[in-house]
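Okay, input-v7.csv now, which holds CSV, C-alpha atoms and all ligand atoms:
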chain,number,residue,atom,x,y,z
A,1,MET,CA,4.6,-31.8,-71.7
A,2,LYS,CA,3.4,-30.3,-68.5
A,3,ILE,CA,5.3,-31.1,-65.3
A,4,ASN,CA,2.4,-33.1,-63.7
A,5,HIS,CA,2.3,-35.3,-66.8
A,6,ILE,CA,6.0,-35.9,-66.5
A,7,LEU,CA,5.5,-36.7,-62.9
A,8,SER,CA,2.6,-39.1,-63.5
A,9,ALA,CA,4.7,-40.8,-66.1
A,10,VAL,CA,7.3,-41.8,-63.6
A,11,ILE,CA,5.0,-43.3,-61.0
A,12,GLY,CA,6.2,-46.7,-60.1
A,13,LEU,CA,9.5,-46.2,-62.0
A,14,THR,CA,11.5,-44.1,-59.7
A,15,THR,CA,12.7,-45.4,-56.4
A,16,THR,CA,13.8,-44.0,-53.0
A,17,VAL,CA,16.6,-45.8,-51.2
A,18,SER,CA,16.1,-46.4,-47.5
A,19,ALA,CA,17.8,-48.5,-44.9
A,20,THR,CA,15.5,-51.3,-45.8
A,21,GLY,CA,16.1,-51.1,-49.5
A,22,PRO,CA,14.6,-49.3,-52.4
A,23,ARG,CA,10.9,-48.5,-52.4
A,24,PRO,CA,8.7,-47.3,-55.2
A,25,GLU,CA,8.3,-43.5,-55.0
A,26,VAL,CA,4.8,-42.1,-54.9
A,27,VAL,CA,4.5,-38.8,-56.8
A,28,SER,CA,1.5,-36.5,-56.7
A,29,HIS,CA,-0.6,-36.1,-59.9
A,30,LEU,CA,-1.9,-32.7,-58.7
A,31,ASP,CA,-1.0,-29.6,-60.7
A,32,GLY,CA,1.0,-26.9,-59.1
A,33,LEU,CA,4.3,-25.1,-58.6
A,34,LYS,CA,7.3,-27.4,-59.0
A,35,ASP,CA,9.1,-26.2,-55.8
A,36,ILE,CA,8.1,-24.3,-52.7
A,37,PRO,CA,8.5,-20.6,-53.3
A,38,SER,CA,11.4,-19.2,-51.2
A,39,PHE,CA,9.2,-16.4,-49.8
A,40,GLY,CA,5.8,-16.8,-48.1
A,41,LEU,CA,3.4,-15.1,-45.8
A,42,GLY,CA,3.0,-16.4,-42.2
A,43,THR,CA,-0.4,-16.3,-40.5
A,44,TRP,CA,0.2,-17.4,-36.9
A,45,LEU,CA,-1.5,-14.9,-34.6
A,46,SER,CA,-2.9,-13.0,-37.5
A,47,ALA,CA,-6.2,-11.6,-36.2
A,48,LYS,CA,-9.3,-13.0,-37.9
A,49,ASP,CA,-10.5,-9.5,-38.9
A,50,LYS,CA,-7.2,-8.6,-40.5
A,51,VAL,CA,-5.8,-11.8,-42.1
A,52,ALA,CA,-8.1,-12.0,-45.1
A,53,ASP,CA,-7.0,-8.5,-46.3
A,54,ALA,CA,-3.3,-9.4,-45.5
A,55,VAL,CA,-3.5,-12.6,-47.6
A,56,LYS,CA,-5.3,-10.9,-50.4
A,57,TYR,CA,-2.8,-8.0,-50.4
A,58,ALA,CA,0.2,-10.3,-50.4
A,59,LEU,CA,-1.1,-12.5,-53.3
A,60,LYS,CA,-1.8,-9.4,-55.3
A,61,HIS,CA,1.6,-7.9,-54.7
A,62,GLY,CA,4.1,-10.6,-55.6
A,63,TYR,CA,3.6,-13.4,-52.9
A,64,ASN,CA,2.6,-16.9,-54.1
A,65,HIS,CA,3.0,-18.8,-50.9
A,66,ILE,CA,0.8,-18.9,-47.7
A,67,ASP,CA,1.8,-20.7,-44.5
A,68,ALA,CA,-1.3,-21.7,-42.5
A,69,ALA,CA,-2.2,-24.1,-39.7
A,70,LEU,CA,-5.5,-25.5,-38.3
A,71,ILE,CA,-4.4,-24.5,-34.8
A,72,TYR,CA,-4.0,-20.9,-35.8
A,73,GLY,CA,-7.8,-20.8,-35.8
A,74,ASN,CA,-8.0,-18.4,-38.8
A,75,GLU,CA,-8.0,-20.8,-41.8
A,76,LYS,CA,-11.5,-19.7,-42.9
A,77,GLN,CA,-10.4,-16.1,-43.0
A,78,VAL,CA,-7.1,-17.0,-44.8
A,79,GLY,CA,-9.3,-18.8,-47.3
A,80,LYS,CA,-11.4,-15.7,-47.8
A,81,GLY,CA,-8.2,-13.8,-48.6
A,82,ILE,CA,-7.1,-16.4,-51.1
A,83,ALA,CA,-10.5,-16.4,-52.8
A,84,ALA,CA,-10.5,-12.6,-52.9
A,85,ALA,CA,-7.1,-12.5,-54.6
A,86,LYS,CA,-8.6,-14.4,-57.6
A,87,VAL,CA,-5.5,-16.3,-58.4
A,88,HIS,CA,-5.3,-19.6,-60.2
A,89,ARG,CA,-5.0,-22.5,-57.7
A,90,LYS,CA,-2.0,-24.0,-59.4
A,91,ASP,CA,-0.1,-20.7,-59.3
A,92,ILE,CA,0.1,-20.5,-55.5
A,93,TRP,CA,1.6,-22.7,-52.8
A,94,VAL,CA,-0.5,-23.4,-49.7
A,95,THR,CA,1.0,-25.1,-46.6
A,96,SER,CA,-1.0,-26.2,-43.6
A,97,LYS,CA,-0.3,-28.3,-40.5
A,98,LEU,CA,-1.7,-31.2,-38.6
A,99,TRP,CA,-2.3,-30.4,-35.0
A,100,ASN,CA,-1.1,-32.6,-32.1
A,101,ALA,CA,-4.6,-33.7,-31.1
A,102,ASP,CA,-5.2,-35.1,-34.6
A,103,HIS,CA,-2.4,-37.7,-34.9
A,104,ARG,CA,-4.7,-40.7,-35.0
A,105,ARG,CA,-5.2,-42.2,-38.4
A,106,GLU,CA,-8.9,-41.2,-38.7
A,107,LYS,CA,-8.2,-37.8,-37.2
A,108,VAL,CA,-5.5,-37.1,-39.8
A,109,HIS,CA,-8.0,-37.5,-42.6
A,110,SER,CA,-10.8,-35.4,-41.0
A,111,ALA,CA,-8.2,-32.7,-40.0
A,112,ILE,CA,-6.8,-32.3,-43.5
A,113,ARG,CA,-10.3,-32.3,-45.1
A,114,GLU,CA,-11.4,-29.6,-42.6
A,115,THR,CA,-8.3,-27.5,-43.5
A,116,ILE,CA,-8.8,-27.8,-47.2
A,117,ALA,CA,-12.5,-26.8,-46.9
A,118,ASP,CA,-11.7,-23.9,-44.7
A,119,LEU,CA,-8.9,-22.6,-47.0
A,120,GLY,CA,-11.2,-23.3,-50.0
A,121,VAL,CA,-8.3,-24.7,-52.0
A,122,GLU,CA,-9.3,-28.3,-53.2
A,123,TYR,CA,-5.9,-29.6,-52.1
A,124,LEU,CA,-2.8,-28.5,-50.3
A,125,ASP,CA,0.7,-28.2,-51.7
A,126,LEU,CA,2.3,-29.2,-48.4
A,127,TYR,CA,0.9,-30.7,-45.2
A,128,LEU,CA,3.2,-30.7,-42.2
A,129,MET,CA,3.1,-32.7,-38.9
A,130,HIS,CA,3.1,-29.6,-36.7
A,131,TRP,CA,5.0,-31.2,-33.8
A,132,PRO,CA,6.4,-34.7,-33.1
A,133,VAL,CA,4.0,-34.8,-30.2
A,134,ALA,CA,0.6,-36.4,-29.9
A,135,PHE,CA,-2.1,-35.2,-27.5
A,136,VAL,CA,-5.1,-37.4,-26.4
A,137,PRO,CA,-8.0,-36.0,-28.4
A,138,GLY,CA,-10.3,-33.8,-26.3
A,139,LYS,CA,-8.0,-33.8,-23.3
A,140,GLY,CA,-6.1,-30.6,-23.8
A,141,THR,CA,-2.3,-31.2,-23.8
A,142,ARG,CA,-2.4,-34.6,-22.2
A,143,LEU,CA,0.2,-36.6,-24.0
A,144,VAL,CA,-0.4,-39.9,-25.7
A,145,ARG,CA,2.1,-42.3,-24.1
A,146,ARG,CA,3.8,-43.4,-27.3
A,147,THR,CA,4.0,-40.6,-29.8
A,148,GLY,CA,3.8,-42.9,-32.7
A,149,ILE,CA,5.2,-40.5,-35.3
A,150,LEU,CA,5.3,-43.3,-37.9
A,151,THR,CA,1.6,-44.2,-37.6
A,152,THR,CA,0.7,-40.5,-38.2
A,153,TRP,CA,3.2,-40.3,-41.1
A,154,ARG,CA,1.6,-43.3,-42.7
A,155,ALA,CA,-1.8,-41.6,-42.5
A,156,MET,CA,-0.2,-38.4,-44.0
A,157,GLU,CA,1.2,-40.6,-46.8
A,158,ASP,CA,-2.3,-41.8,-47.5
A,159,ALA,CA,-3.4,-38.1,-47.9
A,160,VAL,CA,-0.9,-37.8,-50.8
A,161,ARG,CA,-2.2,-41.0,-52.4
A,162,GLN,CA,-5.8,-39.6,-52.0
A,163,ASN,CA,-4.7,-36.3,-53.7
A,164,LEU,CA,-5.4,-34.2,-50.7
A,165,THR,CA,-1.9,-32.8,-50.6
A,166,ARG,CA,1.0,-32.7,-53.1
A,167,HIS,CA,3.7,-33.1,-50.5
A,168,ILE,CA,4.1,-33.9,-46.8
A,169,GLY,CA,6.6,-32.8,-44.3
A,170,ILE,CA,7.4,-32.1,-40.7
A,171,SER,CA,7.8,-29.2,-38.2
A,172,ASN,CA,9.7,-28.8,-35.0
A,173,PHE,CA,11.4,-32.2,-35.1
A,174,ALA,CA,14.7,-33.1,-33.4
A,175,ARG,CA,17.4,-34.7,-35.6
A,176,ALA,CA,16.7,-38.2,-34.2
A,177,ASP,CA,13.1,-37.9,-35.2
A,178,VAL,CA,14.0,-36.7,-38.7
A,179,GLU,CA,16.3,-39.7,-39.0
A,180,GLU,CA,13.5,-42.1,-37.9
A,181,LEU,CA,11.2,-40.8,-40.6
A,182,LEU,CA,14.0,-40.8,-43.3
A,183,ARG,CA,14.5,-44.5,-42.6
A,184,GLU,CA,10.8,-45.4,-42.7
A,185,ALA,CA,9.1,-43.0,-45.0
A,186,GLU,CA,7.5,-44.4,-48.2
A,187,ILE,CA,6.7,-41.0,-49.5
A,188,ARG,CA,9.6,-38.5,-49.5
A,189,LEU,CA,9.8,-36.0,-46.7
A,190,TYR,CA,9.6,-32.8,-48.7
A,191,ALA,CA,10.2,-30.1,-46.1
A,192,HIS,CA,11.0,-29.4,-42.4
A,193,GLU,CA,9.7,-26.1,-40.9
A,194,PHE,CA,11.5,-25.1,-37.8
A,195,GLU,CA,12.6,-22.0,-35.9
A,196,THR,CA,15.7,-20.5,-37.4
A,197,HIS,CA,17.0,-16.9,-37.7
A,198,PRO,CA,20.2,-15.0,-37.0
A,199,TYR,CA,19.8,-15.6,-33.3
A,200,LEU,CA,19.2,-19.4,-33.7
A,201,GLN,CA,21.1,-20.2,-36.9
A,202,GLN,CA,21.5,-24.0,-36.5
A,203,GLN,CA,23.7,-24.0,-39.5
A,204,GLU,CA,24.7,-27.6,-39.1
A,205,PHE,CA,21.1,-28.7,-38.9
A,206,VAL,CA,20.3,-26.6,-42.0
A,207,ASP,CA,23.2,-28.2,-43.9
A,208,TYR,CA,22.0,-31.7,-42.8
A,209,HIS,CA,18.7,-31.1,-44.5
A,210,ARG,CA,20.3,-29.8,-47.6
A,211,ARG,CA,22.4,-33.0,-47.8
A,212,ALA,CA,19.2,-35.1,-47.3
A,213,GLY,CA,17.3,-33.2,-50.0
A,214,ILE,CA,14.7,-31.8,-47.5
A,215,LYS,CA,13.7,-28.1,-47.9
A,216,VAL,CA,14.1,-26.0,-44.8
A,217,ILE,CA,11.3,-23.5,-44.0
A,218,ALA,CA,12.5,-20.9,-41.5
A,219,TYR,CA,9.8,-19.9,-39.1
A,220,SER,CA,10.0,-16.7,-37.0
A,221,PRO,CA,12.5,-15.5,-39.6
A,222,LEU,CA,12.5,-12.1,-37.9
A,223,ALA,CA,13.7,-13.8,-34.6
A,224,ASN,CA,12.1,-12.2,-31.6
A,225,THR,CA,10.0,-9.7,-33.5
A,226,ASN,CA,6.9,-11.8,-32.9
A,227,PRO,CA,5.4,-10.0,-29.8
A,228,THR,CA,4.5,-13.3,-28.2
A,229,TYR,CA,8.3,-13.8,-27.6
A,230,ASP,CA,8.6,-10.6,-25.6
A,231,GLY,CA,10.8,-10.9,-22.6
A,232,HIS,CA,11.1,-14.7,-22.7
A,233,LYS,CA,14.8,-14.6,-23.1
A,234,PRO,CA,17.3,-11.9,-22.2
A,235,VAL,CA,17.9,-10.8,-25.8
A,236,GLY,CA,17.1,-7.4,-27.2
A,237,PRO,CA,14.8,-7.0,-30.3
A,238,ILE,CA,16.6,-7.8,-33.5
A,239,LEU,CA,15.1,-4.8,-35.2
A,240,GLU,CA,17.1,-2.6,-32.7
A,241,ASP,CA,20.3,-4.6,-32.9
A,242,LEU,CA,23.2,-2.3,-33.8
A,243,PHE,CA,24.9,-5.0,-35.8
A,244,TRP,CA,21.9,-5.3,-38.1
A,245,GLU,CA,21.2,-1.6,-38.1
A,246,ASN,CA,24.7,-0.9,-39.4
A,247,LEU,CA,24.6,-3.8,-41.9
A,248,ALA,CA,21.2,-2.7,-43.3
A,249,LYS,CA,22.5,0.9,-43.6
A,250,GLU,CA,25.5,-0.4,-45.6
A,251,LYS,CA,23.2,-2.4,-47.9
A,252,GLY,CA,20.7,0.5,-48.3
A,253,CYS,CA,17.8,-1.6,-47.0
A,254,SER,CA,15.7,-1.9,-43.8
A,255,VAL,CA,16.6,-4.3,-40.9
A,256,PRO,CA,13.8,-6.7,-41.7
A,257,GLN,CA,14.8,-6.8,-45.3
A,258,ALA,CA,18.4,-7.6,-44.3
A,259,VAL,CA,17.5,-10.3,-41.9
A,260,LEU,CA,15.2,-12.0,-44.4
A,261,ALA,CA,17.7,-11.6,-47.2
A,262,TRP,CA,20.2,-13.6,-45.0
A,263,GLY,CA,17.6,-16.3,-44.5
A,264,LEU,CA,17.1,-16.5,-48.3
A,265,GLN,CA,20.8,-16.4,-49.1
A,266,ARG,CA,21.5,-19.4,-46.8
A,267,GLY,CA,19.0,-21.4,-48.8
A,268,THR,CA,16.1,-21.4,-46.4
A,269,VAL,CA,12.5,-20.6,-47.3
A,270,VAL,CA,11.3,-17.6,-45.2
A,271,ILE,CA,7.7,-17.0,-44.2
A,272,PRO,CA,7.5,-13.6,-42.3
A,273,LYS,CA,4.1,-12.8,-40.9
A,274,SER,CA,2.5,-9.4,-41.1
A,275,VAL,CA,-1.0,-8.0,-41.2
A,276,HIS,CA,0.2,-4.6,-42.4
A,277,ALA,CA,0.4,-3.9,-46.1
A,278,THR,CA,3.5,-1.7,-45.6
A,279,TYR,CA,5.4,-4.5,-43.9
A,280,ILE,CA,4.2,-7.2,-46.3
A,281,LYS,CA,5.5,-5.1,-49.2
A,282,GLU,CA,8.7,-4.0,-47.5
A,283,ASN,CA,9.6,-7.6,-46.6
A,284,LEU,CA,9.5,-8.8,-50.2
A,285,GLY,CA,12.2,-6.2,-50.9
A,286,ALA,CA,14.6,-8.8,-49.2
A,287,LEU,CA,14.7,-10.5,-52.6
A,288,ASP,CA,16.8,-7.6,-53.9
A,289,VAL,CA,19.5,-7.7,-51.1
A,290,ASP,CA,22.7,-9.7,-51.6
A,291,PHE,CA,25.5,-10.3,-49.1
A,292,SER,CA,29.1,-11.0,-49.9
A,293,GLU,CA,30.8,-14.1,-48.5
A,294,GLY,CA,32.5,-11.9,-45.9
A,295,GLU,CA,29.2,-10.5,-44.8
A,296,MET,CA,27.6,-13.9,-44.5
A,297,ALA,CA,30.6,-15.0,-42.3
A,298,GLN,CA,30.2,-11.9,-40.1
A,299,ILE,CA,26.5,-12.7,-39.6
A,300,GLY,CA,27.4,-16.4,-38.9
A,301,ALA,CA,29.5,-15.2,-36.0
A,302,THR,CA,26.6,-13.4,-34.3
A,303,ASP,CA,24.6,-16.5,-33.6
A,304,LYS,CA,23.1,-16.4,-30.1
A,305,LYS,CA,21.8,-20.0,-30.1
A,306,THR,CA,18.6,-18.7,-28.6
A,307,ARG,CA,15.2,-20.3,-29.2
A,308,PHE,CA,12.1,-18.3,-28.6
A,309,ASN,CA,9.4,-20.9,-29.4
A,310,ASP,CA,9.6,-23.8,-27.0
A,311,PRO,CA,6.3,-25.2,-25.5
A,312,GLY,CA,8.2,-28.2,-24.2
A,313,LYS,CA,8.0,-27.2,-20.6
A,314,GLU,CA,4.3,-26.4,-20.8
A,315,TRP,CA,3.7,-29.8,-22.4
A,316,GLY,CA,6.1,-31.6,-20.0
A,317,LEU,CA,8.5,-33.1,-22.5
A,318,GLU,CA,12.0,-32.3,-23.9
A,319,LEU,CA,11.7,-30.9,-27.4
A,320,PHE,CA,14.7,-30.2,-29.7
A,321,ALA,CA,16.8,-32.7,-27.6
A,322,ASP,CA,19.8,-32.9,-29.9
A,323,LEU,CA,19.6,-29.3,-31.2
A,324,ASP,CA,20.8,-25.8,-30.0
A,325,ASP,CA,18.8,-24.5,-27.0
A,326,PRO,CA,16.7,-27.6,-26.2
A,327,THR,CA,13.9,-27.6,-23.6
A,328,ARG,CA,15.3,-27.6,-20.2
A,329,LEU,CA,12.4,-29.1,-18.2
A,330,TRP,CA,13.9,-28.4,-14.8
A,331,ASP,CA,15.6,-25.1,-15.4
A,332,ASP,CA,13.2,-22.4,-14.3
A,333,GLU,CA,15.4,-19.4,-14.9
A,334,LEU,CA,16.2,-20.2,-18.5
A,335,ASN,CA,12.9,-21.5,-19.5
A,336,GLU,CA,10.0,-19.5,-18.4
A,337,LEU,CA,7.7,-20.0,-21.4
B,1,LIG,N1,5.6,-24.6,-37.5
B,1,LIG,C1,5.5,-23.9,-36.4
B,1,LIG,O1,5.5,-24.5,-35.3
B,1,LIG,C2,5.6,-22.4,-36.5
B,1,LIG,C3,5.9,-21.7,-35.3
B,1,LIG,C4,6.0,-20.3,-35.4
B,1,LIG,C5,5.7,-19.7,-36.6
B,1,LIG,N2,5.4,-20.4,-37.7
B,1,LIG,C6,5.0,-19.8,-39.0
B,1,LIG,O2,6.0,-18.8,-39.3
B,1,LIG,C7,5.4,-17.6,-39.5
B,1,LIG,C8,6.4,-16.4,-39.2
B,1,LIG,O3,6.8,-16.5,-37.9
B,1,LIG,P1,6.3,-15.6,-36.7
B,1,LIG,O4,4.9,-15.1,-37.0
B,1,LIG,O5,6.5,-16.3,-35.4
B,1,LIG,O6,7.3,-14.4,-36.7
B,1,LIG,P2,7.9,-13.3,-37.7
B,1,LIG,O7,7.3,-13.5,-39.0
B,1,LIG,O8,9.4,-13.5,-37.6
B,1,LIG,O9,7.6,-12.0,-37.1
B,1,LIG,C9,6.2,-11.5,-37.1
B,1,LIG,C10,6.1,-10.2,-36.4
B,1,LIG,O10,7.0,-9.2,-37.1
B,1,LIG,C11,6.2,-8.1,-37.4
B,1,LIG,N3,6.8,-7.6,-38.7
B,1,LIG,C12,6.7,-8.2,-39.9
B,1,LIG,N4,7.3,-7.5,-40.8
B,1,LIG,C13,7.8,-6.4,-40.2
B,1,LIG,C14,8.5,-5.3,-40.7
B,1,LIG,N5,8.9,-5.1,-42.0
B,1,LIG,N6,8.8,-4.3,-39.8
B,1,LIG,C15,8.4,-4.4,-38.5
B,1,LIG,N7,7.8,-5.5,-38.0
B,1,LIG,C16,7.5,-6.5,-38.9
B,1,LIG,C17,4.8,-8.5,-37.5
B,1,LIG,O11,4.0,-7.4,-37.3
B,1,LIG,P3,2.4,-7.3,-37.7
B,1,LIG,O12,1.9,-8.7,-37.8
B,1,LIG,O13,1.8,-6.5,-36.6
B,1,LIG,O14,2.3,-6.6,-39.0
B,1,LIG,C18,4.8,-9.6,-36.4
B,1,LIG,O15,4.5,-9.0,-35.2
B,1,LIG,C19,4.2,-17.6,-38.6
B,1,LIG,O16,3.2,-16.6,-38.9
B,1,LIG,C20,3.7,-19.0,-39.0
B,1,LIG,O17,3.1,-19.0,-40.2
B,1,LIG,C21,5.3,-21.8,-37.7
Go ahead and express the file in the form of structure tokens.
Amino acid sequence: MKINHILSAVIGLTTTVSATGPRPEVVSHLDGLKDIPSFGLGTWLSAKDKVADAVKYALKHGYNHIDAALIYGNEKQVGKGIAAAKVHRKDIWVTSKLWNADHRREKVHSAIRETIADLGVEYLDLYLMHWPVAFVPGKGTRLVRRTGILTTWRAMEDAVRQNLTRHIGISNFARADVEELLREAEIRLYAHEFETHPYLQQQEFVDYHRRAGIKVIAYSPLANTNPTYDGHKPVGPILEDLFWENLAKEKGCSVPQAVLAWGLQRGTVVIPKSVHATYIKENLGALDVDFSEGEMAQIGATDKKTRFNDPGKEWGLELFADLDDPTRLWDDELNEL
């Protein structure tokens, strides 16, 4: 029996236990990979004229997971790459994200439909609330007074019921926000995508998700290699970090492969972005690198607790409040994003 048939068979029979008691679990009927693949291709800042080729190349050379978002402004081109790769829909995993200006119920539905049409994929495997932040539609980054995460989550739950996405999840949430959703969600929170890499390890937060049964998707897995992070914090490039250069040499791999291998070995899903075939191929080599317990402990000791992606100051709110390196709204020196 195929997995989707097994899943359909349990609708209404399984339950999730929440603070308010057990609720029936809604499970998607859509066909697809059972779990999110541990390695994916990121597409933030991937130029429109390059991303289709990058996606096609990745899908033809061992990748089966693409991380997209409406706000990246390139989903049509990502969709062209997916189509050009000529893979079966059910054999790939496609994630996209709901932008902050689309948190209202009716906007959630139009946004996900737009994303699905642009990506040309019929349905998503995972739809994430991009930030726990709501903007007034059409008013730039003007904040909605009450964020109303739960109202938005309910609309995302409807998207699962309507077979628009197989799973739903979140991105960039503080722990208190995750806990609110865990208490209230009717459909299981499948994954949380947040910044984590050797310079912002957040091991406790990663472990917390493992205990709660929520997959962690590590974004910016190559730390400050994303050029948009240049010079924002007084930290040298990870690709030129002597510790990583030596470790990679010992393992007989490149620094990006070693860094990504660490992300995989700690149980996070990694989604490095590249528009270069050589890097796309090289990065997948991380799957062949293993660290000993001692090496994992050594890497653990190099955490710099440094966050590179923090638009909190620009938006005028404190993000990541209960996590390492939160937004410091009034601290000009440390937070010049
Ligand atoms: N949910 C969120 O809020 C959020 C936020 C940030 C990122 N993300 C997702 O996570 C993905 C990855 O994060 P990211 O793009 O910030 O950073 P990243 O993947 O850690 O780093 C990307 C940068 O590394 C370069 N690179 C990749 N492989 C390399 C290699 N083997 N050698 C040398 N350079 C290499 C890329 O170059 P080229 O591109 O020039 O090839 C690019 O400049 C994003 O693309 C996006 O899908 C999500």
Legend entry - Given all atoms listed in the file as the counted atoms, nearest of A:Cys253, A:Ala69, A:Ile82, A:Ala111 to ligand LIG 1 (chain B): A:Ala69
Legend entry - Protein and nucleic residues near ligand LIG 1 (chain B), 7 Å, all atoms listed in the file, as an MDAnalysis selection string: chainID A and resid 41:46 67:68 130:131 171:172 193:195 219:227 256:257 271:276 279:280 282:283 309
Go ahead and save the picked residues with C-alpha atoms, as a PDB file, in the coordinates of the input.
ATOM      1  CA  LEU A  41       3.400 -15.100 -45.800  1.00  0.00           C
ATOM      2  CA  GLY A  42       3.000 -16.400 -42.200  1.00  0.00           C
ATOM      3  CA  THR A  43      -0.400 -16.300 -40.500  1.00  0.00           C
ATOM      4  CA  TRP A  44       0.200 -17.400 -36.900  1.00  0.00           C
ATOM      5  CA  LEU A  45      -1.500 -14.900 -34.600  1.00  0.00           C
ATOM      6  CA  SER A  46      -2.900 -13.000 -37.500  1.00  0.00           C
ATOM      7  CA  ASP A  67       1.800 -20.700 -44.500  1.00  0.00           C
ATOM      8  CA  ALA A  68      -1.300 -21.700 -42.500  1.00  0.00           C
ATOM      9  CA  HIS A 130       3.100 -29.600 -36.700  1.00  0.00           C
ATOM     10  CA  TRP A 131       5.000 -31.200 -33.800  1.00  0.00           C
ATOM     11  CA  SER A 171       7.800 -29.200 -38.200  1.00  0.00           C
ATOM     12  CA  ASN A 172       9.700 -28.800 -35.000  1.00  0.00           C
ATOM     13  CA  GLU A 193       9.700 -26.100 -40.900  1.00  0.00           C
ATOM     14  CA  PHE A 194      11.500 -25.100 -37.800  1.00  0.00           C
ATOM     15  CA  GLU A 195      12.600 -22.000 -35.900  1.00  0.00           C
ATOM     16  CA  TYR A 219       9.800 -19.900 -39.100  1.00  0.00           C
ATOM     17  CA  SER A 220      10.000 -16.700 -37.000  1.00  0.00           C
ATOM     18  CA  PRO A 221      12.500 -15.500 -39.600  1.00  0.00           C
ATOM     19  CA  LEU A 222      12.500 -12.100 -37.900  1.00  0.00           C
ATOM     20  CA  ALA A 223      13.700 -13.800 -34.600  1.00  0.00           C
ATOM     21  CA  ASN A 224      12.100 -12.200 -31.600  1.00  0.00           C
ATOM     22  CA  THR A 225      10.000  -9.700 -33.500  1.00  0.00           C
ATOM     23  CA  ASN A 226       6.900 -11.800 -32.900  1.00  0.00           C
ATOM     24  CA  PRO A 227       5.400 -10.000 -29.800  1.00  0.00           C
ATOM     25  CA  PRO A 256      13.800  -6.700 -41.700  1.00  0.00           C
ATOM     26  CA  GLN A 257      14.800  -6.800 -45.300  1.00  0.00           C
ATOM     27  CA  ILE A 271       7.700 -17.000 -44.200  1.00  0.00           C
ATOM     28  CA  PRO A 272       7.500 -13.600 -42.300  1.00  0.00           C
ATOM     29  CA  LYS A 273       4.100 -12.800 -40.900  1.00  0.00           C
ATOM     30  CA  SER A 274       2.500  -9.400 -41.100  1.00  0.00           C
ATOM     31  CA  VAL A 275      -1.000  -8.000 -41.200  1.00  0.00           C
ATOM     32  CA  HIS A 276       0.200  -4.600 -42.400  1.00  0.00           C
ATOM     33  CA  TYR A 279       5.400  -4.500 -43.900  1.00  0.00           C
ATOM     34  CA  ILE A 280       4.200  -7.200 -46.300  1.00  0.00           C
ATOM     35  CA  GLU A 282       8.700  -4.000 -47.500  1.00  0.00           C
ATOM     36  CA  ASN A 283       9.600  -7.600 -46.600  1.00  0.00           C
ATOM     37  CA  ASN A 309       9.400 -20.900 -29.400  1.00  0.00           C
TER      38      ASN A 309
END
Inset, instruction - Mind giving me the straight-line distance from atom CA of Glu186 of chain A to atom CA of Asp158 of chain A in Å, one decimal? - result: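 Computing it gives 10.2 Å between the two atoms.
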Legend entry - Nearest residue to Glu318 of chain A from the set A:Pro132, A:Lys50, A:Val216, A:Ala85 (distances using all atoms listed in the file):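 Answer, going by the shortest atom-to-atom distance: A:Pro132.
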Legend entry - Which of A:Val289, A:Leu284, A:Leu128, A:Met296 sits closest to Arg266 of chain A [using all atoms listed in the file]: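 Of A:Val289, A:Leu284, A:Leu128, A:Met296, the one nearest Arg266 of chain A, counting all atoms listed in the file, is A:Met296.
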